[in-house]
file structure-v3.pdb (PDB, C-alpha atoms)
ATOM      1  CA  MET X  12      50.937 -48.554  13.541
ATOM      2  CA  ALA X  13      52.616 -51.282  11.625
ATOM      3  CA  HIS X  14      54.763 -52.887  14.325
ATOM      4  CA  GLN X  15      51.970 -53.955  16.639
ATOM      5  CA  VAL X  16      52.168 -57.679  16.395
ATOM      6  CA  GLU X  17      49.043 -58.651  18.247
ATOM      7  CA  GLY X  18      46.146 -56.710  19.726
ATOM      8  CA  GLU X  19      45.122 -53.393  18.266
ATOM      9  CA  GLY X  20      43.617 -50.406  20.059
ATOM     10  CA  TRP X  21      42.067 -50.847  23.493
ATOM     11  CA  GLN X  22      42.303 -54.628  23.368
ATOM     12  CA  GLY X  23      46.033 -54.282  22.861
ATOM     13  CA  ILE X  24      46.339 -51.964  25.859
ATOM     14  CA  VAL X  25      44.330 -54.284  28.101
ATOM     15  CA  GLY X  26      46.337 -57.238  26.838
ATOM     16  CA  ASP X  27      49.646 -55.519  27.547
ATOM     17  CA  LEU X  28      48.682 -54.381  31.038
ATOM     18  CA  SER X  29      46.986 -57.584  32.170
ATOM     19  CA  ALA X  30      49.450 -60.109  30.789
ATOM     20  CA  ASP X  31      51.673 -61.692  33.420
ATOM     21  CA  ARG X  32      54.926 -60.164  32.128
ATOM     22  CA  LYS X  33      56.477 -56.757  31.688
ATOM     23  CA  ALA X  34      53.864 -54.267  30.549
ATOM     24  CA  PHE X  35      55.719 -52.410  27.819
ATOM     25  CA  ARG X  36      56.379 -55.110  25.265
ATOM     26  CA  ASN X  37      59.295 -54.387  22.891
ATOM     27  CA  VAL X  38      60.104 -51.235  24.846
ATOM     28  CA  PRO X  39      63.616 -51.443  26.371
ATOM     29  CA  TRP X  40      63.678 -51.259  30.156
ATOM     30  CA  GLY X  41      65.782 -48.085  30.260
ATOM     31  CA  LYS X  42      63.493 -46.276  27.867
ATOM     32  CA  ALA X  43      60.348 -47.166  29.842
ATOM     33  CA  MET X  44      62.012 -45.972  33.051
ATOM     34  CA  MET X  45      63.092 -42.700  31.421
ATOM     35  CA  TRP X  46      59.513 -42.119  30.267
ATOM     36  CA  LEU X  47      58.221 -42.719  33.804
ATOM     37  CA  PHE X  48      60.829 -40.332  35.214
ATOM     38  CA  LEU X  49      59.811 -37.700  32.669
ATOM     39  CA  LEU X  50      56.174 -38.258  33.610
ATOM     40  CA  SER X  51      57.002 -37.512  37.256
ATOM     41  CA  ASP X  52      59.020 -34.478  36.180
ATOM     42  CA  THR X  53      55.988 -33.292  34.207
ATOM     43  CA  PHE X  54      54.102 -33.112  37.488
ATOM     44  CA  VAL X  55      56.914 -31.159  39.151
ATOM     45  CA  PHE X  56      56.870 -28.519  36.416
ATOM     46  CA  GLY X  57      53.077 -28.719  36.225
ATOM     47  CA  CYS X  58      52.890 -27.827  39.924
ATOM     48  CA  PHE X  59      55.362 -24.955  39.438
ATOM     49  CA  LEU X  60      53.379 -23.484  36.566
ATOM     50  CA  THR X  61      50.091 -23.952  38.403
ATOM     51  CA  SER X  62      51.433 -22.182  41.479
ATOM     52  CA  TYR X  63      52.674 -19.390  39.208
ATOM     53  CA  MET X  64      49.154 -19.156  37.767
ATOM     54  CA  SER X  65      47.567 -18.909  41.219
ATOM     55  CA  VAL X  66      49.893 -16.203  42.548
ATOM     56  CA  ARG X  67      49.495 -14.211  39.342
ATOM     57  CA  MET X  68      45.696 -14.503  39.444
ATOM     58  CA  SER X  69      45.349 -13.680  43.129
ATOM     59  CA  THR X  70      47.695 -10.690  43.433
ATOM     60  CA  THR X  71      46.093  -7.261  43.569
ATOM     61  CA  VAL X  72      49.286  -5.556  42.336
ATOM     62  CA  ALA X  73      49.820  -5.254  38.573
ATOM     63  CA  TRP X  74      51.968  -8.042  37.075
ATOM     64  CA  PRO X  75      55.202  -6.790  35.432
ATOM     65  CA  ASN X  76      55.074  -6.837  31.635
ATOM     66  CA  PRO X  77      57.545  -9.594  30.604
ATOM     67  CA  SER X  78      57.771  -8.105  27.126
ATOM     68  CA  GLU X  79      59.388  -5.007  28.660
ATOM     69  CA  VAL X  80      61.273  -6.667  31.515
ATOM     70  CA  PHE X  81      63.105  -8.965  29.088
ATOM     71  CA  ALA X  82      63.637  -6.370  26.360
ATOM     72  CA  LEU X  83      67.162  -5.590  25.225
ATOM     73  CA  THR X  84      68.631  -2.579  23.477
ATOM     74  CA  ILE X  85      70.821  -3.840  20.654
ATOM     75  CA  GLY X  86      72.592  -1.273  18.505
ATOM     76  CA  GLY X  87      70.276   1.494  19.670
ATOM     77  CA  ALA X  88      67.136  -0.492  18.813
ATOM     78  CA  HIS X  89      64.790  -1.469  21.649
ATOM     79  CA  ILE X  90      63.597  -5.017  20.926
ATOM     80  CA  PRO X  91      61.020  -6.646  23.232
ATOM     81  CA  LEU X  92      61.670 -10.147  24.604
ATOM     82  CA  ILE X  93      64.545 -10.666  22.162
ATOM     83  CA  LEU X  94      66.826 -12.569  24.541
ATOM     84  CA  ILE X  95      64.100 -15.098  25.324
ATOM     85  CA  ALA X  96      63.362 -15.537  21.619
ATOM     86  CA  ILE X  97      67.031 -16.278  20.896
ATOM     87  CA  MET X  98      67.152 -18.720  23.832
ATOM     88  CA  THR X  99      64.092 -20.467  22.399
ATOM     89  CA  PHE X 100      65.740 -20.846  18.994
ATOM     90  CA  VAL X 101      68.966 -22.126  20.576
ATOM     91  CA  LEU X 102      67.079 -24.782  22.540
ATOM     92  CA  ILE X 103      64.997 -25.851  19.526
ATOM     93  CA  SER X 104      68.168 -26.149  17.447
ATOM     94  CA  SER X 105      69.688 -28.331  20.147
ATOM     95  CA  SER X 106      66.599 -30.534  20.036
ATOM     96  CA  GLY X 107      67.039 -30.844  16.262
ATOM     97  CA  THR X 108      70.689 -31.900  16.542
ATOM     98  CA  MET X 109      69.742 -34.370  19.289
ATOM     99  CA  ALA X 110      67.058 -35.975  17.111
ATOM    100  CA  MET X 111      69.630 -36.344  14.323
ATOM    101  CA  ALA X 112      72.123 -37.846  16.785
ATOM    102  CA  VAL X 113      69.594 -40.520  17.776
ATOM    103  CA  ASN X 114      69.001 -41.242  14.118
ATOM    104  CA  PHE X 115      72.706 -41.636  13.331
ATOM    105  CA  ALA X 116      73.168 -43.757  16.464
ATOM    106  CA  TYR X 117      70.710 -46.322  15.141
ATOM    107  CA  ARG X 118      72.533 -46.182  11.803
ATOM    108  CA  ARG X 119      75.708 -47.075  13.738
ATOM    109  CA  ASP X 120      77.456 -43.899  12.600
ATOM    110  CA  ARG X 121      79.705 -43.346  15.579
ATOM    111  CA  ALA X 122      81.488 -40.158  14.502
ATOM    112  CA  LYS X 123      78.339 -38.285  13.449
ATOM    113  CA  THR X 124      76.454 -39.371  16.573
ATOM    114  CA  ALA X 125      79.175 -38.124  18.906
ATOM    115  CA  ALA X 126      79.593 -34.877  16.948
ATOM    116  CA  LEU X 127      75.858 -34.135  16.924
ATOM    117  CA  MET X 128      75.557 -34.920  20.635
ATOM    118  CA  LEU X 129      78.448 -32.593  21.382
ATOM    119  CA  ALA X 130      76.773 -29.898  19.263
ATOM    120  CA  THR X 131      73.622 -30.444  21.340
ATOM    121  CA  ALA X 132      75.604 -30.087  24.566
ATOM    122  CA  VAL X 133      77.297 -26.909  23.294
ATOM    123  CA  LEU X 134      73.925 -25.382  22.348
ATOM    124  CA  GLY X 135      72.603 -26.369  25.775
ATOM    125  CA  ALA X 136      75.583 -24.714  27.468
ATOM    126  CA  THR X 137      74.936 -21.608  25.346
ATOM    127  CA  PHE X 138      71.366 -21.590  26.616
ATOM    128  CA  VAL X 139      72.515 -21.801  30.235
ATOM    129  CA  GLY X 140      75.022 -19.004  29.586
ATOM    130  CA  MET X 141      72.286 -16.763  28.208
ATOM    131  CA  GLN X 142      70.131 -17.603  31.189
ATOM    132  CA  ALA X 143      72.983 -16.589  33.513
ATOM    133  CA  PHE X 144      73.176 -13.294  31.602
ATOM    134  CA  GLU X 145      69.417 -12.826  32.003
ATOM    135  CA  TRP X 146      69.554 -13.535  35.744
ATOM    136  CA  THR X 147      72.492 -11.150  36.184
ATOM    137  CA  LYS X 148      70.656  -8.406  34.319
ATOM    138  CA  LEU X 149      67.461  -8.833  36.362
ATOM    139  CA  ILE X 150      69.315  -9.054  39.671
ATOM    140  CA  SER X 151      71.252  -5.858  38.871
ATOM    141  CA  GLU X 152      67.913  -4.181  38.120
ATOM    142  CA  GLY X 153      66.742  -5.064  41.612
ATOM    143  CA  VAL X 154      64.607  -8.155  40.979
ATOM    144  CA  ARG X 155      64.603 -10.371  44.058
ATOM    145  CA  PRO X 156      62.506 -13.406  45.018
ATOM    146  CA  TRP X 157      60.641 -11.198  47.512
ATOM    147  CA  ALA X 158      60.384  -7.884  45.621
ATOM    148  CA  ASN X 159      61.039  -6.160  42.324
ATOM    149  CA  PRO X 160      60.724  -2.608  40.989
ATOM    150  CA  PHE X 161      58.295  -3.518  38.169
ATOM    151  CA  GLY X 162      55.199  -4.674  40.029
ATOM    152  CA  ALA X 163      53.872  -7.722  41.863
ATOM    153  CA  ALA X 164      56.457  -9.249  44.214
ATOM    154  CA  GLN X 165      55.464 -12.780  43.145
ATOM    155  CA  PHE X 166      57.057 -12.137  39.755
ATOM    156  CA  GLY X 167      60.536 -12.541  41.215
ATOM    157  CA  SER X 168      59.834 -15.673  43.226
ATOM    158  CA  THR X 169      58.149 -17.523  40.352
ATOM    159  CA  PHE X 170      60.749 -16.338  37.838
ATOM    160  CA  PHE X 171      63.741 -17.555  39.852
ATOM    161  CA  MET X 172      62.041 -20.792  40.855
ATOM    162  CA  ILE X 173      60.762 -21.840  37.423
ATOM    163  CA  THR X 174      63.661 -20.719  35.222
ATOM    164  CA  GLY X 175      66.140 -21.830  37.874
ATOM    165  CA  PHE X 176      64.718 -25.326  38.033
ATOM    166  CA  HIS X 177      64.597 -25.521  34.248
ATOM    167  CA  GLY X 178      68.170 -24.225  33.947
ATOM    168  CA  LEU X 179      69.255 -26.897  36.414
ATOM    169  CA  HIS X 180      67.669 -29.504  34.145
ATOM    170  CA  VAL X 181      69.498 -28.084  31.124
ATOM    171  CA  SER X 182      72.810 -28.080  33.006
ATOM    172  CA  ALA X 183      72.298 -31.687  34.102
ATOM    173  CA  GLY X 184      71.424 -32.557  30.498
ATOM    174  CA  VAL X 185      74.628 -30.960  29.204
ATOM    175  CA  ILE X 186      76.690 -33.122  31.578
ATOM    176  CA  TYR X 187      74.637 -36.235  30.755
ATOM    177  CA  LEU X 188      74.963 -35.704  26.987
ATOM    178  CA  SER X 189      78.692 -34.977  27.230
ATOM    179  CA  ILE X 190      79.301 -38.234  29.090
ATOM    180  CA  VAL X 191      77.243 -40.274  26.614
ATOM    181  CA  ALA X 192      78.891 -38.514  23.640
ATOM    182  CA  PHE X 193      82.323 -39.305  25.093
ATOM    183  CA  ARG X 194      81.394 -42.958  25.490
ATOM    184  CA  VAL X 195      79.921 -43.065  21.968
ATOM    185  CA  SER X 196      83.151 -41.699  20.500
ATOM    186  CA  ARG X 197      85.172 -44.276  22.467
ATOM    187  CA  GLY X 198      83.052 -47.013  20.939
ATOM    188  CA  VAL X 199      81.563 -48.336  24.187
ATOM    189  CA  TYR X 200      78.107 -48.824  22.666
ATOM    190  CA  GLU X 201      79.579 -50.065  19.407
ATOM    191  CA  ARG X 202      81.108 -52.985  21.306
ATOM    192  CA  LYS X 203      77.865 -53.589  23.202
ATOM    193  CA  GLY X 204      76.015 -53.426  19.899
ATOM    194  CA  ASN X 205      73.360 -51.319  21.616
ATOM    195  CA  TYR X 206      72.825 -47.598  21.045
ATOM    196  CA  GLU X 207      69.608 -47.280  23.069
ATOM    197  CA  ILE X 208      71.286 -45.031  25.605
ATOM    198  CA  VAL X 209      71.508 -42.295  22.960
ATOM    199  CA  GLU X 210      67.752 -42.385  22.437
ATOM    200  CA  ILE X 211      67.159 -42.421  26.202
ATOM    201  CA  ALA X 212      69.428 -39.400  26.698
ATOM    202  CA  GLY X 213      67.611 -37.803  23.759
ATOM    203  CA  LEU X 214      64.242 -38.313  25.486
ATOM    204  CA  TYR X 215      65.521 -36.389  28.490
ATOM    205  CA  TRP X 216      66.850 -33.600  26.286
ATOM    206  CA  HIS X 217      63.641 -33.247  24.265
ATOM    207  CA  PHE X 218      61.712 -33.110  27.519
ATOM    208  CA  VAL X 219      63.830 -30.166  28.663
ATOM    209  CA  ASP X 220      62.971 -28.437  25.379
ATOM    210  CA  LEU X 221      59.315 -29.356  25.856
ATOM    211  CA  VAL X 222      59.210 -27.770  29.309
ATOM    212  CA  TRP X 223      60.713 -24.608  27.822
ATOM    213  CA  VAL X 224      57.861 -24.479  25.274
ATOM    214  CA  PHE X 225      55.401 -24.252  28.175
ATOM    215  CA  ILE X 226      57.505 -21.790  30.187
ATOM    216  CA  PHE X 227      57.924 -19.598  27.097
ATOM    217  CA  ALA X 228      54.166 -19.550  26.484
ATOM    218  CA  PHE X 229      52.920 -19.143  30.046
ATOM    219  CA  PHE X 230      55.623 -17.103  31.735
ATOM    220  CA  TYR X 231      57.116 -14.945  28.979
ATOM    221  CA  LEU X 232      54.284 -14.502  26.477
ATOM    222  CA  TRP X 233      51.148 -14.536  28.650
TER     223      TRP X 233
ATOM    224  CA  MET B  13      54.719 -39.102   7.993
ATOM    225  CA  GLU B  14      53.201 -42.484   7.278
ATOM    226  CA  GLN B  15      56.194 -43.484   5.205
ATOM    227  CA  ALA B  16      58.367 -43.107   8.265
ATOM    228  CA  ALA B  17      56.435 -45.525  10.443
ATOM    229  CA  GLY B  18      58.070 -48.780  11.311
ATOM    230  CA  GLN B  19      61.084 -49.778  13.277
ATOM    231  CA  GLY B  20      64.418 -51.398  12.729
ATOM    232  CA  THR B  21      64.886 -51.557   8.985
ATOM    233  CA  ALA B  22      68.448 -51.837   7.738
ATOM    234  CA  GLN B  23      70.299 -53.302  10.700
ATOM    235  CA  GLY B  24      67.407 -55.288  12.035
ATOM    236  CA  THR B  25      67.705 -53.424  15.323
ATOM    237  CA  GLU B  26      64.758 -52.684  17.558
ATOM    238  CA  GLY B  27      65.544 -48.958  17.535
ATOM    239  CA  GLN B  28      63.743 -46.048  15.929
ATOM    240  CA  THR B  29      64.964 -45.576  12.367
ATOM    241  CA  HIS B  30      63.229 -42.937  10.310
ATOM    242  CA  PRO B  31      64.342 -40.833   7.338
ATOM    243  CA  ILE B  32      66.386 -37.757   8.269
ATOM    244  CA  GLY B  33      63.936 -35.625   6.280
ATOM    245  CA  VAL B  34      61.222 -36.139   8.898
ATOM    246  CA  TYR B  35      63.397 -34.549  11.566
ATOM    247  CA  LEU B  36      64.456 -31.669   9.339
ATOM    248  CA  LYS B  37      60.827 -30.887   8.465
ATOM    249  CA  VAL B  38      59.767 -30.918  12.113
ATOM    250  CA  TRP B  39      62.800 -28.806  13.011
ATOM    251  CA  GLY B  40      61.772 -26.237  10.409
ATOM    252  CA  LEU B  41      58.170 -26.282  11.624
ATOM    253  CA  LEU B  42      59.307 -25.691  15.206
ATOM    254  CA  PHE B  43      61.312 -22.678  14.041
ATOM    255  CA  VAL B  44      58.307 -21.280  12.169
ATOM    256  CA  LEU B  45      55.976 -21.844  15.138
ATOM    257  CA  SER B  46      58.440 -20.229  17.558
ATOM    258  CA  THR B  47      58.784 -17.231  15.254
ATOM    259  CA  LEU B  48      54.999 -16.931  15.031
ATOM    260  CA  SER B  49      54.594 -17.026  18.803
ATOM    261  CA  TYR B  50      57.323 -14.392  19.162
ATOM    262  CA  LEU B  51      55.537 -12.210  16.589
ATOM    263  CA  VAL B  52      52.375 -12.405  18.724
ATOM    264  CA  ASP B  53      54.301 -10.491  21.366
ATOM    265  CA  TYR B  54      56.182  -8.286  18.901
ATOM    266  CA  PHE B  55      52.999  -6.955  17.290
ATOM    267  CA  HIS B  56      51.304  -6.537  20.698
ATOM    268  CA  VAL B  57      48.345  -8.782  19.954
ATOM    269  CA  GLN B  58      46.159  -8.478  23.047
ATOM    270  CA  GLY B  59      43.156 -10.042  24.741
ATOM    271  CA  TYR B  60      41.613 -13.390  23.892
ATOM    272  CA  LEU B  61      43.271 -13.551  20.470
ATOM    273  CA  ARG B  62      46.697 -13.361  22.138
ATOM    274  CA  TRP B  63      45.897 -16.177  24.585
ATOM    275  CA  PHE B  64      44.342 -18.261  21.834
ATOM    276  CA  LEU B  65      47.371 -17.903  19.540
ATOM    277  CA  ILE B  66      49.869 -18.568  22.360
ATOM    278  CA  ILE B  67      48.038 -21.767  23.362
ATOM    279  CA  VAL B  68      47.675 -22.980  19.757
ATOM    280  CA  PHE B  69      51.361 -22.473  18.907
ATOM    281  CA  MET B  70      52.377 -24.013  22.244
ATOM    282  CA  MET B  71      50.268 -27.137  21.738
ATOM    283  CA  LEU B  72      51.492 -27.569  18.148
ATOM    284  CA  LYS B  73      55.126 -27.300  19.226
ATOM    285  CA  ALA B  74      54.626 -29.648  22.179
ATOM    286  CA  GLY B  75      52.816 -32.141  19.950
ATOM    287  CA  LEU B  76      55.584 -32.138  17.332
ATOM    288  CA  ILE B  77      58.341 -32.578  19.921
ATOM    289  CA  VAL B  78      56.593 -35.403  21.759
ATOM    290  CA  SER B  79      55.258 -37.290  18.750
ATOM    291  CA  VAL B  80      58.238 -37.046  16.371
ATOM    292  CA  PHE B  81      61.388 -36.065  18.277
ATOM    293  CA  MET B  82      60.489 -38.301  21.229
ATOM    294  CA  HIS B  83      59.108 -40.951  18.847
ATOM    295  CA  LEU B  84      55.914 -41.341  20.843
ATOM    296  CA  GLN B  85      53.743 -41.748  17.749
ATOM    297  CA  TRP B  86      55.737 -44.840  16.825
ATOM    298  CA  GLU B  87      55.621 -46.323  20.311
ATOM    299  CA  ARG B  88      53.282 -49.011  21.520
ATOM    300  CA  LEU B  89      49.770 -47.762  22.278
ATOM    301  CA  VAL B  90      49.950 -48.673  25.973
ATOM    302  CA  LEU B  91      53.100 -46.542  26.436
ATOM    303  CA  ARG B  92      51.463 -43.633  24.589
ATOM    304  CA  TYR B  93      48.469 -43.666  26.917
ATOM    305  CA  VAL B  94      50.588 -44.144  30.061
ATOM    306  CA  VAL B  95      52.578 -41.038  29.111
ATOM    307  CA  VAL B  96      49.835 -38.794  27.753
ATOM    308  CA  LEU B  97      46.815 -39.475  30.001
ATOM    309  CA  PRO B  98      48.192 -38.825  33.551
ATOM    310  CA  PRO B  99      49.327 -35.226  32.831
ATOM    311  CA  LEU B 100      45.707 -34.416  31.959
ATOM    312  CA  LEU B 101      45.026 -34.752  35.705
ATOM    313  CA  LEU B 102      46.923 -31.473  36.069
ATOM    314  CA  LEU B 103      43.885 -29.801  34.511
ATOM    315  CA  VAL B 104      41.918 -30.750  37.652
ATOM    316  CA  LEU B 105      44.566 -29.040  39.789
ATOM    317  CA  VAL B 106      44.461 -26.000  37.498
ATOM    318  CA  ALA B 107      40.660 -25.808  37.739
ATOM    319  CA  LEU B 108      40.793 -26.019  41.549
ATOM    320  CA  MET B 109      43.473 -23.366  41.742
ATOM    321  CA  VAL B 110      41.567 -21.018  39.426
ATOM    322  CA  LEU B 111      38.604 -21.148  41.836
ATOM    323  CA  GLU B 112      40.891 -20.701  44.839
ATOM    324  CA  SER B 113      42.829 -17.807  43.255
ATOM    325  CA  ASP B 114      39.639 -15.954  42.357
ATOM    326  CA  TYR B 115      38.508 -16.341  45.936
ATOM    327  CA  VAL B 116      41.853 -15.137  47.354
ATOM    328  CA  HIS B 117      41.831 -12.197  44.950
ATOM    329  CA  LEU B 118      38.342 -11.196  46.023
ATOM    330  CA  THR B 119      39.213 -11.570  49.699
ATOM    331  CA  ARG B 120      42.273  -9.367  49.266
ATOM    332  CA  ILE B 121      40.225  -6.651  47.572
ATOM    333  CA  LEU B 122      37.528  -6.788  50.258
ATOM    334  CA  SER B 123      39.686  -6.977  53.368
ATOM    335  CA  LEU B 124      42.900  -5.242  52.333
ATOM    336  CA  GLY B 125      41.113  -2.526  50.392
ATOM    337  CA  SER B 126      43.659  -2.599  47.582
TER     338      SER B 126
END
call {"tool": "encode", "arguments": {"input": "structure-v3.pdb", "output": "structure tokens"}}
result
Amino acid sequence: MAHQVEGEGWQGIVGDLSADRKAFRNVPWGKAMMWLFLLSDTFVFGCFLTSYMSVRMSTTVAWPNPSEVFALTIGGAHIPLILIAIMTFVLISSSGTMAMAVNFAYRRDRAKTAALMLATAVLGATFVGMQAFEWTKLISEGVRPWANPFGAAQFGSTFFMITGFHGLHVSAGVIYLSIVAFRVSRGVYERKGNYEIVEIAGLYWHFVDLVWVFIFAFFYLW
Amino acid sequence: MEQAAGQGTAQGTEGQTHPIGVYLKVWGLLFVLSTLSYLVDYFHVQGYLRWFLIIVFMMLKAGLIVSVFMHLQWERLVLRYVVVLPPLLLLVLVALMVLESDYVHLTRILSLGS
């Protein structure tokens, strides 16, 4: 990549890590810390998904078919997994608007940055709302963390734990983005001359989307 | 995406400045990949082909989000390795748990008779 001033490849890595100064040269402190937080969060979700894998592999009772459990009947048509598909598109759209917000932030376009961040937060809130609908539907059908009418009891516990923890992340992200968007629109970062916080908030938001990619594949599609 | 590489052009800032088109293209690709993975379920693809397709679409989507949306491909090499290498350790945990789960499954069949 073009911006590496000195030391390419492995020599660059060794140079960065062994030099007697901060390791991530040219990387703002807040951004490096956000990356390390996301790395730790990766392990949290990694452990959740691994535990889900072990309970699903070791149960002797048939696993409920997510395609059917999450199907909806819309206008008389029975569509499998449709709610989850819509939630996926909503979250991907929010990731797109967030990426654009970061871009406009570095172009110092205050109005567009704030508007795109708010759009991201609204899409995130929509996602949480749909998740609340999904939980309500499953709970009314008798799905509990300890039992459910469709098959293996572990389905309920892993479902509520994994989607609940992810939904909590989305909710926290909505609050985080709203606060940063509010401060962007008030011109706080304009006066500081530093819009890095938008990119840092964006990293968190993209990570939430990234986790959903894995949950969608392993929990809903597998 | 080579034309997008490089940081801080117009304002001389240290931030990530890339053409909007890059993001729109990736956004579109993510939509296509999500649709494809949904169609895997919709058309009831089963067996190894299903798992293969799910994993491929998942990895492509994850790669696009991390490398472009999170700008990791434009970051310094040391940061890229610090972020990408440690999660691979999870594969060790997965391998251990696969062995353990097989064993638990077998034990349940043998001693619970189910």
call {"tool": "residues_near_point", "arguments": {"input": "structure-v3.pdb", "point": "(61.2, -27.4, 18.5)", "cutoff": "7 Å", "atoms": "all atoms listed in the file", "output": "list of chain:residue names"}}
result
X:Ile103, X:Ser106, B:Trp39, B:Leu42, B:Phe43, B:Lys73, B:Ile77
call {"tool": "axis_aligned_box", "arguments": {"input": "structure-v3.pdb", "around": "segment 94-111 of chain B", "padding_each_side": "6 Å", "output": "lines of an AutoDock Vina configuration file"}}
result
center_x = 45.6
center_y = -32.6
center_z = 34.8
size_x = 26.0
size_y = 35.1
size_z = 26.1
call {"tool": "resolve_selection", "arguments": {"input": "structure-v3.pdb", "expression": "the PyMOL selection byres ((chain B and resi 36) around 12)", "output": "tab-separated table (two decimals) with C-alpha atoms, in the coordinates of the input"}}
result
chain	number	residue	atom	x	y	z
X	103	ILE	CA	65.00	-25.85	19.53
X	104	SER	CA	68.17	-26.15	17.45
X	106	SER	CA	66.60	-30.53	20.04
X	107	GLY	CA	67.04	-30.84	16.26
X	108	THR	CA	70.69	-31.90	16.54
X	109	MET	CA	69.74	-34.37	19.29
X	110	ALA	CA	67.06	-35.98	17.11
X	111	MET	CA	69.63	-36.34	14.32
X	114	ASN	CA	69.00	-41.24	14.12
B	30	HIS	CA	63.23	-42.94	10.31
B	31	PRO	CA	64.34	-40.83	7.34
B	32	ILE	CA	66.39	-37.76	8.27
B	33	GLY	CA	63.94	-35.62	6.28
B	34	VAL	CA	61.22	-36.14	8.90
B	35	TYR	CA	63.40	-34.55	11.57
B	37	LYS	CA	60.83	-30.89	8.46
B	38	VAL	CA	59.77	-30.92	12.11
B	39	TRP	CA	62.80	-28.81	13.01
B	40	GLY	CA	61.77	-26.24	10.41
B	41	LEU	CA	58.17	-26.28	11.62
B	42	LEU	CA	59.31	-25.69	15.21
B	43	PHE	CA	61.31	-22.68	14.04
B	76	LEU	CA	55.58	-32.14	17.33
B	80	VAL	CA	58.24	-37.05	16.37
B	81	PHE	CA	61.39	-36.06	18.28
call {"tool": "closest_residue", "arguments": {"input": "structure-v3.pdb", "among": "B:Gly59, B:Leu72, B:Met82, B:Leu108", "to": "chain X", "atoms": "all atoms listed in the file"}}
result
B:Met82
call {"tool": "residues_around", "arguments": {"input": "structure-v3.pdb", "residues": "segment 174-191 of chain X", "least_positions_apart": "4", "cutoff": "7 Å", "atoms": "all atoms listed in the file", "output": "short mmCIF file (atom, residue, chain, number, x, y, z; two decimals) with C-alpha atoms, in the frame of the given file"}}
result
data_model
loop_
_atom_site.label_atom_id
_atom_site.label_comp_id
_atom_site.auth_asym_id
_atom_site.auth_seq_id
_atom_site.Cartn_x
_atom_site.Cartn_y
_atom_site.Cartn_z
CA MET X 128 75.56 -34.92 20.64
CA LEU X 129 78.45 -32.59 21.38
CA ALA X 132 75.60 -30.09 24.57
CA GLY X 135 72.60 -26.37 25.78
CA ALA X 136 75.58 -24.71 27.47
CA VAL X 139 72.52 -21.80 30.24
CA PHE X 170 60.75 -16.34 37.84
CA VAL X 195 79.92 -43.06 21.97
CA ALA X 212 69.43 -39.40 26.70
CA TRP X 216 66.85 -33.60 26.29
CA VAL X 219 63.83 -30.17 28.66
#
call {"tool": "closest_residue", "arguments": {"input": "structure-v3.pdb", "among": "X:Gly86, X:Pro75, X:Gly153, X:Pro91", "to": "chain B", "atoms": "all atoms listed in the file"}}
result
X:Pro91
call {"tool": "atom_distance", "arguments": {"input": "structure-v3.pdb", "atom1": "atom CA of Phe193 of chain X", "atom2": "atom CA of Leu49 of chain X"}}
result
23.8 Å
call {"tool": "closest_residue", "arguments": {"input": "structure-v3.pdb", "among": "X:Val199, X:Ile208, X:Ala228, X:Ile24", "to": "Tyr50 of chain B", "atoms": "all atoms listed in the file"}}
result
X:Ala228
call {"tool": "residues_around", "arguments": {"input": "structure-v3.pdb", "residues": "Tyr231 of chain X", "least_positions_apart": "3", "cutoff": "8 Å", "atoms": "all atoms listed in the file", "output": "ChimeraX atom specification"}}
result
/X:77-78,92,95,226-228
call {"tool": "resolve_selection", "arguments": {"input": "structure-v3.pdb", "expression": "the PyMOL selection byres ((chain B and resi 109) around 10)", "output": "PyMOL selection string"}}
result
(chain X and resi 61-62+64-66+68-69) or (chain B and resi 103-108+110-115)
call {"tool": "write_last_selection", "arguments": {"input": "structure-v3.pdb", "atoms": "C-alpha atoms", "output": "PDB file, in the coordinates of the input"}}
result
ATOM      1  CA  THR X  61      50.091 -23.952  38.403  1.00  0.00           C
ATOM      2  CA  SER X  62      51.433 -22.182  41.479  1.00  0.00           C
ATOM      3  CA  MET X  64      49.154 -19.156  37.767  1.00  0.00           C
ATOM      4  CA  SER X  65      47.567 -18.909  41.219  1.00  0.00           C
ATOM      5  CA  VAL X  66      49.893 -16.203  42.548  1.00  0.00           C
ATOM      6  CA  MET X  68      45.696 -14.503  39.444  1.00  0.00           C
ATOM      7  CA  SER X  69      45.349 -13.680  43.129  1.00  0.00           C
TER       8      SER X  69
ATOM      9  CA  LEU B 103      43.885 -29.801  34.511  1.00  0.00           C
ATOM     10  CA  VAL B 104      41.918 -30.750  37.652  1.00  0.00           C
ATOM     11  CA  LEU B 105      44.566 -29.040  39.789  1.00  0.00           C
ATOM     12  CA  VAL B 106      44.461 -26.000  37.498  1.00  0.00           C
ATOM     13  CA  ALA B 107      40.660 -25.808  37.739  1.00  0.00           C
ATOM     14  CA  LEU B 108      40.793 -26.019  41.549  1.00  0.00           C
ATOM     15  CA  VAL B 110      41.567 -21.018  39.426  1.00  0.00           C
ATOM     16  CA  LEU B 111      38.604 -21.148  41.836  1.00  0.00           C
ATOM     17  CA  GLU B 112      40.891 -20.701  44.839  1.00  0.00           C
ATOM     18  CA  SER B 113      42.829 -17.807  43.255  1.00  0.00           C
ATOM     19  CA  ASP B 114      39.639 -15.954  42.357  1.00  0.00           C
ATOM     20  CA  TYR B 115      38.508 -16.341  45.936  1.00  0.00           C
TER      21      TYR B 115
END
call {"tool": "closest_residue", "arguments": {"input": "structure-v3.pdb", "among": "B:Val68, B:Trp63, B:Leu102, B:Tyr54", "to": "Leu50 of chain X", "atoms": "only C-alpha atoms"}}
result
B:Leu102
call {"tool": "closest_residue", "arguments": {"input": "structure-v3.pdb", "among": "B:Pro98, B:Leu84, B:Gly125, B:Thr119", "to": "Val38 of chain X", "atoms": "all atoms listed in the file"}}
result
B:Leu84
